[in-house]
Amino acid sequence: MKFVQNIFDKTRPLVEKDGKRNILYPLHNALETMAFVPDHTTHSGAHVRDAIDLKRTMVTVIFAMVPALLFGMWNIGRLHFAAIGEEAALLDSFLFGVLKMLPLITVTYAAGLGVEIFFSWKRDHPVNEGFLVSGLLIPMIMPVDIPLWMVAVSTIFAVLIGKEVFGGTGMNLLNPALTARAFAFFAYPTWMSGDQVWINTKGGEVVDGYSGATALGDLATTVGQGMGNPATDAVMAQFGSGGHYSFMNAFLGLIPGSIAETSALLILLGGLFLVFKGVGSWKIMLSFFIGGFVMAGIFNAFAVNEFMGLNPLHQLMLGGFIFGMVFMATDPVSAAQTETGKYIYGFFAGFFGIMIRVFNPAYPEGIMLAILFMNVMAPLIDYYVVEANIKRRAKRVAHV
Amino acid sequence: MSQTFKIRKGYDIKLVGEASSNDLGLHSPSTYAVSPLDFPGITPKLAVKAGVKVLAGETLFFDKDRPEVKICAPVSGEVAEIKRGAKRKILAVLMLADSEVSYANHGAFDFNRVDREAAAGHFSNTGVGALITSRPYGVAASMNEQPRDIFVNGVQSGPLNGDLATQLAGKGEAVQAAINALTLMTTGKVYMSYDADLPAVAELQVEGATNISFSGKHPKGLVGTQIAKAAPINKGEVVWTVNAVDLPIIGRAFLTGEYAPEYKVAITGSKAMNTGYATMLQGASLNGLISANINAENTRIISGDVLTGTQQATDGFLSFGKAQLTAIPEGNQTEFFGWVLPGFGKFSTNRAFWGWLFPNRKYDLDTNMHGEERAFVVSGEYEKFIPMDIFPQQLLRSILIRDIEKMEQLGIYEVVPEDFAIAEVACTSKLPLQQIVRDGLNDLRKEMM
């Protein structure tokens, strides 16, 4: 690997303090530390250190995302060919997805890392690894046909306003990936919701009976119709066994939606990996699931329309619930930091997610809004958890 | 009947190079050094000049703000040099030792007089007072303080720590004398801690102390953990701590009036060719010892253990109060894509590497940082290694923003840097936790003085 090291050594004078291309120093440093774990040795405190670093943590999360990502790529291809009535082999569907996804991923990384590198240079600190994950999460939660420039603008907004204004990775209040999606959702609503954006139908005529809606979009049409209304029968039939949105289809992910959010199975697999590796917080995931289940259960018990009456477990398999639970709510920076706080934070994120989704069908992405809301609330939760500790300590003094 | 506490939060870092039972003999070099840097919170004022002759137990320097805190000469001989750094900061007092040590005679202490003041004077004058650490702040104790309790730490559970049974062998009488002396210094209790996972050390079976014992993982051997479990420190309270290896020195000073800081130093680490125990005085030059027992090529020599010890050059000295030397390889090499590889052979407290599949493996760790410093990102990480009722990350943040009130509220009085050592090893963001805590304590102390 000597020649790789040589390249870095040769280009270093160019980017160092007085070099002509100083602005590229953070990029140079990022690439170099990526290629080689640096030879830095301990100089204060403990003399030995754990092999883990932030790169390792982040790459572990990326590994966990890969199954859902691969499935998502195949699924967008599959839905495309099904919509235009063409038979397609597994590989064709997958290749279609790859070709759709690669530009999205490239643009996101380029836009986000550009901002990161600029701030690293301005602030004179190394590029942080946090964006490795955010940059992959953002395309995974976009609709397939969103224009690239919108992704770029959303990403820049998220990194700039969601993260860098607070001081960069570790200081941000909101989950950057969700900030990007929320920005896109409110800035370009026609590209982010409705029944036109989830399936790519270019290059062919849509087949009879084609509907480009998502499960949640269809469910939203039942609101206001009451329970057992024959007008909703056609929609609800899709949620029965054998329907498009059957529990099994939703669990496996064979439904339209944001690119990689659909397969509950593979996302849960990634979640298990994260928990097993000790990188993702099982406390948040578990309480998130319970929170959503409790809310869905309450709706189910007091249902006044078919949306509310949906089986609670089925409800949780739809939309971004499972994806949000595993990859979004668990972001350690924007989540609650205290162990007790994590239970509270997770529970309410899941709880509110389902609540927003069902009560306000205009926002099928209730999960995203709920997690962002709980991101904002997390410091408050932590405040009270820590305050309890402070009180306990103060009480001890009073007793002595 | 002693109370036993089980320490579940923590981590035993298993390293190769444990001290064997070999007796590596007496190491008596001709040069010694006493460094004020071994005493955080002290502003040293010299009591000697280069060229003067001193006896063992005569004051070399004392704390400018608390003159009763005296640091004494470990041997008799000539003060060879006052080593200074930038701004004339005193780095070390170097001594050329006499071939035969002669002691300043402070006289045997009369235990029939139950007199705190006399005991305080004896502690201070003989130099053994400096072996006592005062909390909060973790600084050398002033004998003018009134400690609520005194904790004697009889547990050594850090990486490659020596075996107390070997280090204290045959010193039972002096140990008991030290406990008797300490009892005079507090109106509270003198706690004596034991390792419940090891056979009892005969020399530590003392009278007059309250016994507490600890089982489980390191940091059971940190006195901070022991205090937190037995009787936590509150604002305004002072607690003293003493290490069991220092007891014979204190005892001897009270029995005979002589200051003889002699330790059976555990020679450990993967770079040690001969591990075992060498007898030497505090401050001894490591010169001959290293060439005989340690492969010094690209090696980090540490006075103490890998968690809290101080780095020494190959011509360095045994730091104050340390009864262990650790020699491990320097980690000054890069690793190609080390963060992606599965890492079966890598040491990690975290399951992100696969090494956790082999929990009993002993590691030959080097000093590589394995990454660059970052902001706090991962949460809940430090809590796993600090068995105290505190929020470590929140406390560290309050220190970083210099919020004195928050530091107090979050329990800074209960901790000293070493309590954060394992968390520092495990820290994903590679933050200097011990240094942050030290800075916080220093700031707080300045504010309070």
# chains A, B, ... in the order shown; residues from 1 in each chain; ligands from 1

$ residues_around --residues "Val159 of chain A" --least-positions-apart "4" --cutoff "8 Å" --atoms "only C-alpha atoms" --output "ChimeraX atom specification"
/A:112,115-116,155,163-164,176

$ write_last_selection --atoms "C-alpha atoms" --output "PDB file, in the first residue's frame"
ATOM      1  CA  GLY A 112     -23.506  17.272   1.392  1.00  0.00           C
ATOM      2  CA  VAL A 115     -20.862  21.809   2.408  1.00  0.00           C
ATOM      3  CA  GLU A 116     -19.077  19.712   5.029  1.00  0.00           C
ATOM      4  CA  THR A 155     -29.284  18.049   1.165  1.00  0.00           C
ATOM      5  CA  LYS A 163     -26.243  20.654  11.210  1.00  0.00           C
ATOM      6  CA  GLU A 164     -23.522  23.177  10.483  1.00  0.00           C
ATOM      7  CA  PRO A 176     -30.001  15.813   9.079  1.00  0.00           C
TER       8      PRO A 176
END

$ closest_atom_pairs --of "chain B" --to "chain A" --cutoff "8 Å" --atoms "only C-alpha atoms" --output "JSON lines"
{"residue": "B:Asn234", "atom": "CA", "partner": "A:Val397", "partner_atom": "CA", "distance": 5.8}
{"residue": "B:Lys235", "atom": "CA", "partner": "A:Val397", "partner_atom": "CA", "distance": 7.1}
{"residue": "B:Val306", "atom": "CA", "partner": "A:His47", "partner_atom": "CA", "distance": 5.1}
{"residue": "B:Leu307", "atom": "CA", "partner": "A:Ala46", "partner_atom": "CA", "distance": 4.2}
{"residue": "B:Thr308", "atom": "CA", "partner": "A:Ala46", "partner_atom": "CA", "distance": 5.7}
{"residue": "B:Gly309", "atom": "CA", "partner": "A:Ala46", "partner_atom": "CA", "distance": 7.5}
{"residue": "B:Glu330", "atom": "CA", "partner": "A:Thr41", "partner_atom": "CA", "distance": 7.3}
{"residue": "B:Gly331", "atom": "CA", "partner": "A:Thr41", "partner_atom": "CA", "distance": 6.0}
{"residue": "B:Asn332", "atom": "CA", "partner": "A:Asp39", "partner_atom": "CA", "distance": 4.6}
{"residue": "B:Gln333", "atom": "CA", "partner": "A:Asp39", "partner_atom": "CA", "distance": 4.6}
{"residue": "B:Thr334", "atom": "CA", "partner": "A:Asp39", "partner_atom": "CA", "distance": 4.6}
{"residue": "B:Glu335", "atom": "CA", "partner": "A:Val37", "partner_atom": "CA", "distance": 4.9}
{"residue": "B:Phe336", "atom": "CA", "partner": "A:Phe36", "partner_atom": "CA", "distance": 4.4}
{"residue": "B:Phe337", "atom": "CA", "partner": "A:Ala35", "partner_atom": "CA", "distance": 5.1}
{"residue": "B:Gly338", "atom": "CA", "partner": "A:Val37", "partner_atom": "CA", "distance": 5.8}
{"residue": "B:Trp339", "atom": "CA", "partner": "A:Arg56", "partner_atom": "CA", "distance": 5.1}
{"residue": "B:Val340", "atom": "CA", "partner": "A:Arg56", "partner_atom": "CA", "distance": 6.5}
{"residue": "B:Lys346", "atom": "CA", "partner": "A:Ala51", "partner_atom": "CA", "distance": 6.4}
{"residue": "B:Phe347", "atom": "CA", "partner": "A:Ala51", "partner_atom": "CA", "distance": 5.9}
{"residue": "B:Ser348", "atom": "CA", "partner": "A:Asp50", "partner_atom": "CA", "distance": 4.8}
{"residue": "B:Thr349", "atom": "CA", "partner": "A:Asp50", "partner_atom": "CA", "distance": 6.6}
{"residue": "B:Asn350", "atom": "CA", "partner": "A:Gly278", "partner_atom": "CA", "distance": 6.7}
{"residue": "B:Arg351", "atom": "CA", "partner": "A:Lys277", "partner_atom": "CA", "distance": 4.8}
{"residue": "B:Ala352", "atom": "CA", "partner": "A:Lys277", "partner_atom": "CA", "distance": 4.9}
{"residue": "B:Phe353", "atom": "CA", "partner": "A:Ile52", "partner_atom": "CA", "distance": 7.6}
{"residue": "B:Leu365", "atom": "CA", "partner": "A:Val48", "partner_atom": "CA", "distance": 6.6}
{"residue": "B:Asp366", "atom": "CA", "partner": "A:Val48", "partner_atom": "CA", "distance": 6.2}
{"residue": "B:Thr367", "atom": "CA", "partner": "A:Val48", "partner_atom": "CA", "distance": 4.9}
{"residue": "B:Asn368", "atom": "CA", "partner": "A:Thr41", "partner_atom": "CA", "distance": 4.4}
{"residue": "B:Met369", "atom": "CA", "partner": "A:Thr41", "partner_atom": "CA", "distance": 5.2}
{"residue": "B:His370", "atom": "CA", "partner": "A:Ala51", "partner_atom": "CA", "distance": 5.3}
{"residue": "B:Gly371", "atom": "CA", "partner": "A:Asp53", "partner_atom": "CA", "distance": 5.5}
{"residue": "B:Glu372", "atom": "CA", "partner": "A:Asp53", "partner_atom": "CA", "distance": 7.5}
{"residue": "B:Arg374", "atom": "CA", "partner": "A:Asn128", "partner_atom": "CA", "distance": 7.4}
{"residue": "B:Ala375", "atom": "CA", "partner": "A:Gly170", "partner_atom": "CA", "distance": 5.6}
{"residue": "B:Phe376", "atom": "CA", "partner": "A:Gly170", "partner_atom": "CA", "distance": 5.5}
{"residue": "B:Val377", "atom": "CA", "partner": "A:Gly170", "partner_atom": "CA", "distance": 4.8}
{"residue": "B:Val378", "atom": "CA", "partner": "A:Pro332", "partner_atom": "CA", "distance": 5.5}
{"residue": "B:Ser379", "atom": "CA", "partner": "A:Gln337", "partner_atom": "CA", "distance": 5.4}
{"residue": "B:Gly380", "atom": "CA", "partner": "A:Glu339", "partner_atom": "CA", "distance": 6.4}
{"residue": "B:Asp389", "atom": "CA", "partner": "A:Asn389", "partner_atom": "CA", "distance": 7.6}
{"residue": "B:Ile390", "atom": "CA", "partner": "A:Asn389", "partner_atom": "CA", "distance": 7.3}
{"residue": "B:Phe391", "atom": "CA", "partner": "A:Val386", "partner_atom": "CA", "distance": 7.3}
{"residue": "B:Gln409", "atom": "CA", "partner": "A:Ile390", "partner_atom": "CA", "distance": 5.5}
{"residue": "B:Leu410", "atom": "CA", "partner": "A:Ile390", "partner_atom": "CA", "distance": 6.0}
{"residue": "B:Gly411", "atom": "CA", "partner": "A:Arg393", "partner_atom": "CA", "distance": 7.5}
{"residue": "B:Ala421", "atom": "CA", "partner": "A:Ala46", "partner_atom": "CA", "distance": 6.1}
{"residue": "B:Ile422", "atom": "CA", "partner": "A:Ala46", "partner_atom": "CA", "distance": 7.9}
{"residue": "B:Glu424", "atom": "CA", "partner": "A:Ala46", "partner_atom": "CA", "distance": 6.8}
{"residue": "B:Val425", "atom": "CA", "partner": "A:Arg49", "partner_atom": "CA", "distance": 4.5}
{"residue": "B:Ala426", "atom": "CA", "partner": "A:Asp50", "partner_atom": "CA", "distance": 5.1}
{"residue": "B:Cys427", "atom": "CA", "partner": "A:Asp50", "partner_atom": "CA", "distance": 7.3}
{"residue": "B:Thr428", "atom": "CA", "partner": "A:Asp53", "partner_atom": "CA", "distance": 4.6}
{"residue": "B:Ser429", "atom": "CA", "partner": "A:Asp53", "partner_atom": "CA", "distance": 6.2}
{"residue": "B:Lys430", "atom": "CA", "partner": "A:Asp53", "partner_atom": "CA", "distance": 7.3}
{"residue": "B:Pro432", "atom": "CA", "partner": "A:Gly45", "partner_atom": "CA", "distance": 6.6}
{"residue": "B:Leu433", "atom": "CA", "partner": "A:Gly45", "partner_atom": "CA", "distance": 7.5}
{"residue": "B:Gln434", "atom": "CA", "partner": "A:Gly45", "partner_atom": "CA", "distance": 5.6}
{"residue": "B:Gln435", "atom": "CA", "partner": "A:Gly45", "partner_atom": "CA", "distance": 6.6}

$ closest_residue --among "B:Arg8, B:Pro40, B:Arg361, B:Arg88" --to "Ile386 of chain B" --atoms "only C-alpha atoms"
B:Arg8

$ closest_residue --among "A:Leu31, A:Ile371, A:Leu318, A:Pro26" --to "Lys122 of chain A" --atoms "only C-alpha atoms"
A:Pro26

$ residues_around --residues "Glu405 of chain B" --least-positions-apart "6" --cutoff "10 Å" --atoms "only C-alpha atoms" --output "number ranges by chain"
B: 398-399, 444

$ closest_residue --among "B:Phe320, B:Tyr277, B:Tyr191, B:Tyr263" --to "Cys72 of chain B" --atoms "only C-alpha atoms"
B:Phe320

$ select_by_dssp --residues "segment 147-376 of chain A" --states "alpha helix (DSSP H)" --output "PyMOL selection string"
chain A and resi 148-157+176-187+189-192+215-220+233-237+247-252+264-276+282-301+306-309+312-317+321-323+339-359+366-376

$ write_last_selection --atoms "C-alpha atoms" --output "short mmCIF file (atom, residue, chain, number, x, y, z; two decimals), in the first residue's frame"
data_model
loop_
_atom_site.label_atom_id
_atom_site.label_comp_id
_atom_site.auth_asym_id
_atom_site.auth_seq_id
_atom_site.Cartn_x
_atom_site.Cartn_y
_atom_site.Cartn_z
CA LEU A 148 -31.69 15.58 -8.77
CA TRP A 149 -31.45 19.30 -8.17
CA MET A 150 -34.19 19.07 -5.53
CA VAL A 151 -32.22 16.38 -3.75
CA ALA A 152 -29.15 18.59 -3.93
CA VAL A 153 -30.98 21.64 -2.56
CA SER A 154 -32.59 19.60 0.22
CA THR A 155 -29.28 18.05 1.17
CA ILE A 156 -27.51 21.39 1.26
CA PHE A 157 -30.31 22.84 3.36
CA PRO A 176 -30.00 15.81 9.08
CA ALA A 177 -31.47 13.13 6.81
CA LEU A 178 -34.97 13.81 8.05
CA THR A 179 -34.37 17.54 7.77
CA ALA A 180 -33.58 17.01 4.11
CA ARG A 181 -36.74 15.03 3.59
CA ALA A 182 -38.88 17.50 5.50
CA PHE A 183 -37.45 20.33 3.44
CA ALA A 184 -38.21 18.53 0.20
CA PHE A 185 -41.66 17.59 1.47
CA PHE A 186 -42.67 21.15 2.22
CA ALA A 187 -40.78 22.87 -0.58
CA PRO A 189 -44.97 18.88 -2.25
CA THR A 190 -46.03 17.84 -5.73
CA TRP A 191 -42.86 15.81 -6.10
CA MET A 192 -43.06 14.29 -2.66
CA ALA A 215 -50.93 2.28 0.92
CA LEU A 216 -51.20 5.29 3.19
CA GLY A 217 -52.43 7.46 0.34
CA ASP A 218 -55.21 4.99 -0.34
CA LEU A 219 -56.04 4.67 3.31
CA ALA A 220 -56.35 8.44 3.57
CA ASP A 233 -64.59 -1.67 0.22
CA ALA A 234 -62.44 -1.54 -2.88
CA VAL A 235 -59.63 0.14 -0.99
CA MET A 236 -59.86 -2.07 2.03
CA ALA A 237 -59.84 -5.18 -0.11
CA PHE A 247 -49.73 -7.63 5.64
CA MET A 248 -47.28 -9.96 3.96
CA ASN A 249 -46.62 -7.57 1.09
CA ALA A 250 -46.13 -4.70 3.48
CA PHE A 251 -43.84 -6.77 5.67
CA LEU A 252 -41.75 -7.93 2.75
CA ALA A 264 -39.94 -4.01 7.02
CA LEU A 265 -38.26 -7.39 7.01
CA LEU A 266 -34.90 -6.23 5.69
CA ILE A 267 -34.93 -3.02 7.70
CA LEU A 268 -35.59 -5.03 10.85
CA LEU A 269 -32.73 -7.29 9.84
CA GLY A 270 -30.52 -4.19 9.67
CA GLY A 271 -31.91 -3.10 13.03
CA LEU A 272 -31.03 -6.44 14.58
CA PHE A 273 -27.51 -6.07 13.20
CA LEU A 274 -27.21 -2.60 14.74
CA VAL A 275 -28.41 -3.79 18.12
CA PHE A 276 -26.21 -6.85 17.97
CA TRP A 282 -32.41 -1.16 21.28
CA LYS A 283 -34.05 1.00 23.91
CA ILE A 284 -35.14 3.52 21.31
CA MET A 285 -36.20 0.89 18.78
CA LEU A 286 -38.21 -1.10 21.29
CA SER A 287 -39.96 1.86 22.87
CA PHE A 288 -40.59 3.35 19.43
CA PHE A 289 -42.32 0.16 18.35
CA ILE A 290 -44.33 -0.03 21.54
CA GLY A 291 -45.32 3.63 21.22
CA GLY A 292 -46.56 3.12 17.68
CA PHE A 293 -48.32 -0.09 18.61
CA VAL A 294 -50.09 1.51 21.56
CA MET A 295 -51.32 4.40 19.43
CA ALA A 296 -52.40 2.10 16.60
CA GLY A 297 -54.10 -0.11 19.18
CA ILE A 298 -56.01 2.83 20.65
CA PHE A 299 -57.12 3.87 17.17
CA ASN A 300 -58.14 0.33 16.41
CA ALA A 301 -60.24 0.14 19.57
CA GLU A 306 -61.13 2.28 8.14
CA PHE A 307 -57.74 3.98 8.50
CA MET A 308 -58.07 3.94 12.28
CA GLY A 309 -59.49 0.46 12.22
CA PRO A 312 -52.20 -2.23 14.58
CA LEU A 313 -49.36 -4.47 13.42
CA HIS A 314 -50.33 -3.91 9.80
CA GLN A 315 -50.42 -0.17 10.46
CA LEU A 316 -46.81 -0.29 11.69
CA MET A 317 -45.58 -2.09 8.60
CA PHE A 321 -42.53 3.58 10.50
CA ILE A 322 -40.05 0.72 10.62
CA PHE A 323 -37.41 2.67 8.68
CA GLU A 339 -30.62 5.95 28.93
CA THR A 340 -33.93 6.65 30.67
CA GLY A 341 -34.63 9.45 28.23
CA LYS A 342 -34.25 7.05 25.32
CA TYR A 343 -37.30 5.05 26.40
CA ILE A 344 -39.44 8.17 26.67
CA TYR A 345 -38.13 9.64 23.45
CA GLY A 346 -38.65 6.46 21.45
CA PHE A 347 -42.11 5.83 22.83
CA PHE A 348 -43.45 9.24 21.95
CA ALA A 349 -41.79 9.33 18.54
CA GLY A 350 -43.65 6.13 17.62
CA PHE A 351 -46.81 7.24 19.35
CA PHE A 352 -47.01 10.64 17.68
CA GLY A 353 -45.92 9.20 14.34
CA ILE A 354 -49.01 7.05 14.07
CA MET A 355 -51.17 9.79 15.54
CA ILE A 356 -50.12 12.38 12.95
CA ARG A 357 -50.42 9.93 10.11
CA VAL A 358 -53.97 8.92 10.96
CA PHE A 359 -55.38 12.21 12.23
CA GLY A 366 -46.26 11.48 10.18
CA ILE A 367 -43.27 9.41 11.27
CA MET A 368 -40.83 11.93 9.85
CA LEU A 369 -42.57 14.83 11.56
CA ALA A 370 -42.90 12.93 14.83
CA ILE A 371 -39.21 12.06 14.94
CA LEU A 372 -38.23 15.64 14.12
CA PHE A 373 -40.58 16.84 16.84
CA MET A 374 -39.09 14.43 19.34
CA ASN A 375 -35.59 15.51 18.23
CA VAL A 376 -36.53 18.96 19.41
#

$ residues_around --residues "Ala244 of chain B" --least-positions-apart "3" --cutoff "6 Å" --atoms "only C-alpha atoms" --output "mmCIF file with N, CA and C atoms, in the first residue's frame"
data_model
loop_
_atom_site.group_PDB
_atom_site.id
_atom_site.type_symbol
_atom_site.label_atom_id
_atom_site.label_comp_id
_atom_site.auth_asym_id
_atom_site.auth_seq_id
_atom_site.Cartn_x
_atom_site.Cartn_y
_atom_site.Cartn_z
ATOM 1 N N ASN B 153 -7.288 1.820 49.991
ATOM 2 C CA ASN B 153 -7.638 0.962 48.865
ATOM 3 C C ASN B 153 -6.772 -0.283 48.824
ATOM 4 N N GLY B 154 -7.373 -1.403 49.157
ATOM 5 C CA GLY B 154 -6.646 -2.674 49.138
ATOM 6 C C GLY B 154 -7.025 -3.544 47.946
ATOM 7 N N LEU B 247 1.000 1.900 52.533
ATOM 8 C CA LEU B 247 0.837 1.747 53.987
ATOM 9 C C LEU B 247 2.139 1.416 54.710
#

$ residues_around --residues "Tyr382 of chain B" --least-positions-apart "3" --cutoff "7 Å" --atoms "only C-alpha atoms" --output "count of residues only"
4

$ residues_around --residues "Arg12 of chain A" --least-positions-apart "2" --cutoff "10 Å" --atoms "only C-alpha atoms" --output "list in words"
Asn6, Ile7, Phe8, Asp9, Lys10, Leu14, Val15, Glu16, Lys17, Gly19, Arg21, Asn22, Leu24, Tyr25, His28, Asn29 and Glu32 of chain A

$ decode --residues "segment 45-62 of chain B" --atoms "N, CA and C atoms" --output "short mmCIF file (atom, residue, chain, number, x, y, z; two decimals), in the first residue's frame"
data_model
loop_
_atom_site.label_atom_id
_atom_site.label_comp_id
_atom_site.auth_asym_id
_atom_site.auth_seq_id
_atom_site.Cartn_x
_atom_site.Cartn_y
_atom_site.Cartn_z
N LYS B 45 7.46 24.98 45.65
CA LYS B 45 8.44 25.96 46.11
C LYS B 45 9.62 25.15 46.65
N LEU B 46 10.79 25.42 46.11
CA LEU B 46 11.95 24.60 46.46
C LEU B 46 12.44 24.89 47.87
N ALA B 47 12.85 23.83 48.55
CA ALA B 47 13.45 23.98 49.87
C ALA B 47 14.95 23.72 49.79
N VAL B 48 15.41 23.30 48.60
CA VAL B 48 16.83 22.97 48.44
C VAL B 48 17.37 23.66 47.19
N LYS B 49 18.69 23.73 47.13
CA LYS B 49 19.35 24.25 45.93
C LYS B 49 20.25 23.16 45.37
N ALA B 50 20.60 23.32 44.14
CA ALA B 50 21.53 22.36 43.56
C ALA B 50 22.83 22.40 44.35
N GLY B 51 23.39 21.23 44.62
CA GLY B 51 24.68 21.18 45.30
C GLY B 51 24.59 20.86 46.78
N VAL B 52 23.43 21.08 47.40
CA VAL B 52 23.36 20.81 48.84
C VAL B 52 23.17 19.32 49.08
N LYS B 53 23.57 18.92 50.28
CA LYS B 53 23.41 17.52 50.70
C LYS B 53 22.11 17.40 51.49
N VAL B 54 21.34 16.38 51.19
CA VAL B 54 20.12 16.15 51.98
C VAL B 54 20.08 14.71 52.47
N LEU B 55 19.36 14.52 53.56
CA LEU B 55 19.12 13.17 54.08
C LEU B 55 17.78 12.69 53.53
N ALA B 56 17.59 11.39 53.51
CA ALA B 56 16.29 10.84 53.12
C ALA B 56 15.25 11.32 54.11
N GLY B 57 14.17 11.90 53.61
CA GLY B 57 13.14 12.39 54.51
C GLY B 57 13.24 13.88 54.78
N GLU B 58 14.20 14.56 54.16
CA GLU B 58 14.24 16.01 54.26
C GLU B 58 13.47 16.61 53.10
N THR B 59 12.83 17.75 53.36
CA THR B 59 11.96 18.33 52.35
C THR B 59 12.74 18.82 51.13
N LEU B 60 12.26 18.42 49.94
CA LEU B 60 12.85 18.93 48.70
C LEU B 60 12.08 20.16 48.22
N PHE B 61 10.76 20.03 48.23
CA PHE B 61 9.93 21.19 47.90
C PHE B 61 8.59 21.04 48.59
N PHE B 62 7.87 22.17 48.67
CA PHE B 62 6.56 22.13 49.32
C PHE B 62 5.59 22.97 48.50
#
